[in-house]
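Novice: Quick one: the structure is below, and I'll ask about it shortly.
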Amino acid sequence: MKSLTAPLSIMILTFSGCMSTSPSQGPTADAWNNYSTWDKANPSPQTGDPTGFLGNVHQGLLAYREIYVNSTAAPVNSGARPFPYPEGSIIVKESYANQAAHSAKETPELTIMVKLPAGSSPETFDWEYIMGADGMNRGTGTSGLASFCHGCHTAAALTDFTFSTAAFYSQRR
Ligand code: HEC
């Protein structure tokens with residue numbers, strides 16, 4: 001038994017050592033695999049370019065998009081609490097290629113934002129940007145993916161780098 005527990009504790013030590021040197025890594029895909037049960041930010045499927053900042057990303061102008069916020073992010077997104085979003089906030093965006101793909105519930109492309117502990121990624125105001133449901137392609141700090149995503153999301157700096165907020169939708173009414 002002893003010979004088994006010793007290597008295990010070494011593994012745990014090594015693992016926690018890893019965690020402390022790279023704090024800019026948020027949770028794995030388990031944290032958002034039930035996202036479709038979360039609150040939705042957008043009142044109806046989003047298409048076209050309502051913010052004027054879409055360019056050709058998130059599957060472009062014809063795409064149908066749905067945005068979900070976890071229970072940590074929801075009070076801020078809905079306007080009940082002030083920005084910024086607290087640590088642990090997760091926002092998942094589904095992009096369907098077009099209306100037909102949305103109606104047929106084809107597997108959407110996922111892009112995700114996760115709020116990391118304060119100070120983890122000053123360059124992105126502690127947002128981690130993730131591309132793909134499996135969470136393998138992710139970026140913080142000055143990484144290419146983070147710079148790409150955050151560079152555009154800077155247009156929404158006043159609402160903690162998120163476009164799809166209750167305030168935004170109420171202005172459109
Ligand atoms: C060229 C600009 C641009 C780039 C680059 C971009 N986004 Fe967005 N993103 C938007 C816009 C505009 C919205 C608002 C929703 C819409 O119009 O579909 C949005 C919405 C989102 C949302 C929902 C929350 C919100 O801000 O409304 C998430 C999550 C998201 N993007 C993640 C990402 C990730 C991850 C990347 C990089 C892989 C990325 N975005 C790159 C423009 C961009």
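Identifiers in the structure tokens: chain A, B, ... in order shown; residue index from 1 per chain; ligand index from 1 in order shown.
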Kindly work out which residues sit at most 8 Å from ligand 1, using only C-alpha atoms and all ligand atoms, and give the list as a count of residues only.
Specialist: 45
Novice: Give me, as a CSV table (one decimal) with all heavy atoms, in the first residue's frame, all polymer residues having an atom no more than 8 Å from A:Tyr35, counting only C-alpha atoms and skipping those fewer than 2 positions away in the same chain.
Specialist:
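Just written: part28.csv:
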```
chain,number,residue,atom,x,y,z
A,32,TRP,N,-18.6,23.1,-19.2
A,32,TRP,CA,-19.7,23.7,-20.1
A,32,TRP,C,-20.5,22.6,-20.8
A,32,TRP,O,-21.3,23.0,-21.7
A,32,TRP,CB,-19.1,24.7,-21.0
A,32,TRP,CG,-18.0,24.2,-22.0
A,32,TRP,CD1,-18.2,23.5,-23.1
A,32,TRP,CD2,-16.6,24.4,-21.8
A,32,TRP,NE1,-17.0,23.3,-23.7
A,32,TRP,CE2,-16.0,23.8,-22.9
A,32,TRP,CE3,-15.8,25.1,-20.8
A,32,TRP,CZ2,-14.6,23.8,-23.0
A,32,TRP,CZ3,-14.5,25.0,-21.0
A,32,TRP,CH2,-13.9,24.4,-22.1
A,33,ASN,N,-20.3,21.3,-20.5
A,33,ASN,CA,-21.0,20.4,-21.4
A,33,ASN,C,-22.5,20.4,-21.2
A,33,ASN,O,-23.2,19.8,-22.0
A,33,ASN,CB,-20.3,19.0,-21.3
A,33,ASN,CG,-20.5,18.4,-19.9
A,33,ASN,OD1,-21.1,18.9,-19.1
A,33,ASN,ND2,-19.8,17.2,-19.7
A,37,THR,N,-28.6,24.0,-20.8
A,37,THR,CA,-29.6,24.2,-19.8
A,37,THR,C,-29.4,25.6,-19.1
A,37,THR,O,-30.1,25.9,-18.2
A,37,THR,CB,-29.4,23.1,-18.6
A,37,THR,OG1,-28.1,23.3,-18.0
A,37,THR,CG2,-29.5,21.7,-19.2
A,38,TRP,N,-28.4,26.3,-19.5
A,38,TRP,CA,-28.1,27.6,-18.9
A,38,TRP,C,-29.1,28.7,-19.4
A,38,TRP,O,-29.8,28.5,-20.4
A,38,TRP,CB,-26.7,28.1,-19.2
A,38,TRP,CG,-25.6,27.2,-18.7
A,38,TRP,CD1,-25.7,26.1,-17.9
A,38,TRP,CD2,-24.2,27.3,-19.0
A,38,TRP,NE1,-24.5,25.6,-17.6
A,38,TRP,CE2,-23.5,26.3,-18.3
A,38,TRP,CE3,-23.4,28.2,-19.7
A,38,TRP,CZ2,-22.1,26.1,-18.4
A,38,TRP,CZ3,-22.1,28.1,-19.8
A,38,TRP,CH2,-21.4,27.0,-19.1
A,68,TYR,N,-25.2,31.4,-24.4
A,68,TYR,CA,-25.6,30.9,-23.1
A,68,TYR,C,-24.7,31.4,-22.1
A,68,TYR,O,-23.4,31.4,-22.3
A,68,TYR,CB,-25.6,29.4,-23.1
A,68,TYR,CG,-26.6,28.8,-24.1
A,68,TYR,CD1,-26.3,28.6,-25.4
A,68,TYR,CD2,-27.9,28.4,-23.7
A,68,TYR,CE1,-27.2,28.0,-26.3
A,68,TYR,CE2,-28.8,27.8,-24.5
A,68,TYR,CZ,-28.4,27.6,-25.9
A,68,TYR,OH,-29.3,27.0,-26.7
A,69,VAL,N,-25.2,31.7,-20.9
A,69,VAL,CA,-24.4,32.2,-19.8
A,69,VAL,C,-24.6,31.3,-18.6
A,69,VAL,O,-25.7,30.9,-18.2
A,69,VAL,CB,-24.7,33.7,-19.4
A,69,VAL,CG1,-24.2,34.6,-20.5
A,69,VAL,CG2,-26.2,33.9,-19.2
A,70,ASN,N,-23.5,30.9,-17.9
A,70,ASN,CA,-23.7,30.1,-16.7
A,70,ASN,C,-24.2,30.9,-15.5
A,70,ASN,O,-24.4,32.1,-15.6
A,70,ASN,CB,-22.4,29.3,-16.3
A,70,ASN,CG,-21.3,30.2,-15.7
A,70,ASN,OD1,-21.4,31.4,-15.7
A,70,ASN,ND2,-20.2,29.5,-15.3
A,92,VAL,N,-21.0,30.7,-23.5
A,92,VAL,CA,-20.8,29.7,-24.6
A,92,VAL,C,-21.7,30.3,-25.8
A,92,VAL,O,-22.8,30.6,-25.6
A,92,VAL,CB,-21.3,28.3,-24.3
A,92,VAL,CG1,-21.3,27.4,-25.5
A,92,VAL,CG2,-20.4,27.7,-23.2
```
Novice: Would you please work out which residue, of A:Gln25, A:Asn34, A:Thr124, A:Asn42, is nearest to A:Thr154 when using only C-alpha atoms?
Specialist: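 Of A:Gln25, A:Asn34, A:Thr124, A:Asn42, the one nearest A:Thr154 is A:Thr124, counting only C-alpha atoms.
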Novice: For A:Pro82, find every residue with an atom within 12 Å (counting only C-alpha atoms), except residues of its own chain fewer than 3 positions away, and show them as a ChimeraX atom specification.
Specialist: /A:73-79,85-86,158-160,165-167
Novice: If you run DSSP on the backbone, which residues of stretch 78-168 of chain A are alpha helix (DSSP H), as a VMD selection string?
Specialist: chain A and resid 99 to 103 144 to 153 166 to 168
Novice: So that I can check the secondary structure, give me every residue of chain A assigned strand (DSSP E) by backbone DSSP, as a VMD selection string.
Specialist: chain A and resid 39 to 40 64 to 69 90 to 96 109 to 115 127 to 131 137 to 139
Novice: Would you compute the distance between atom CA of A:Ser44 and atom CA of A:Asn137? Give it in Å to one decimal.
Specialist: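 Going from atom CA of A:Ser44 over to atom CA of A:Asn137, I get 28.2 Å.
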Novice: Which residue gives the smallest distance to A:Thr72 among A:Glu94, A:Glu109, A:Asp134, A:Asp39, with only C-alpha atoms counted?
Specialist: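 Closest to A:Thr72, using only C-alpha atoms: A:Asp39.
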Novice: Give me, please, the distance in Å between atom CA of A:Gly60 and atom CA of A:Gln171, quoted to one decimal.
Specialist: 22.7 Å
Novice: As an exercise, work out the distance from atom CA of A:Phe83 to atom CA of A:Phe125 in Å and give it to one decimal place.
Specialist: 12.0 Å
Novice: Determine the nearest neighbour of A:Trp127 from the options A:Ser89, A:Arg81, A:Thr107, A:Leu62, counting only C-alpha atoms.
Specialist: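 Distance minimum relative to A:Trp127 lands on A:Ser89.
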Novice: Select, from A:Ser103, A:Pro122, A:Leu61, A:Leu110, the residue with the minimum atom-to-atom distance to A:Gly135, counting only C-alpha atoms.
Specialist: A:Leu110
Novice: Between A:Asp126, A:Ser121, A:Ala155, A:Pro45, which one has atoms that come closest to A:Thr142, using only C-alpha atoms?
Specialist: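 Closest to A:Thr142 of all the choices is A:Ser121.
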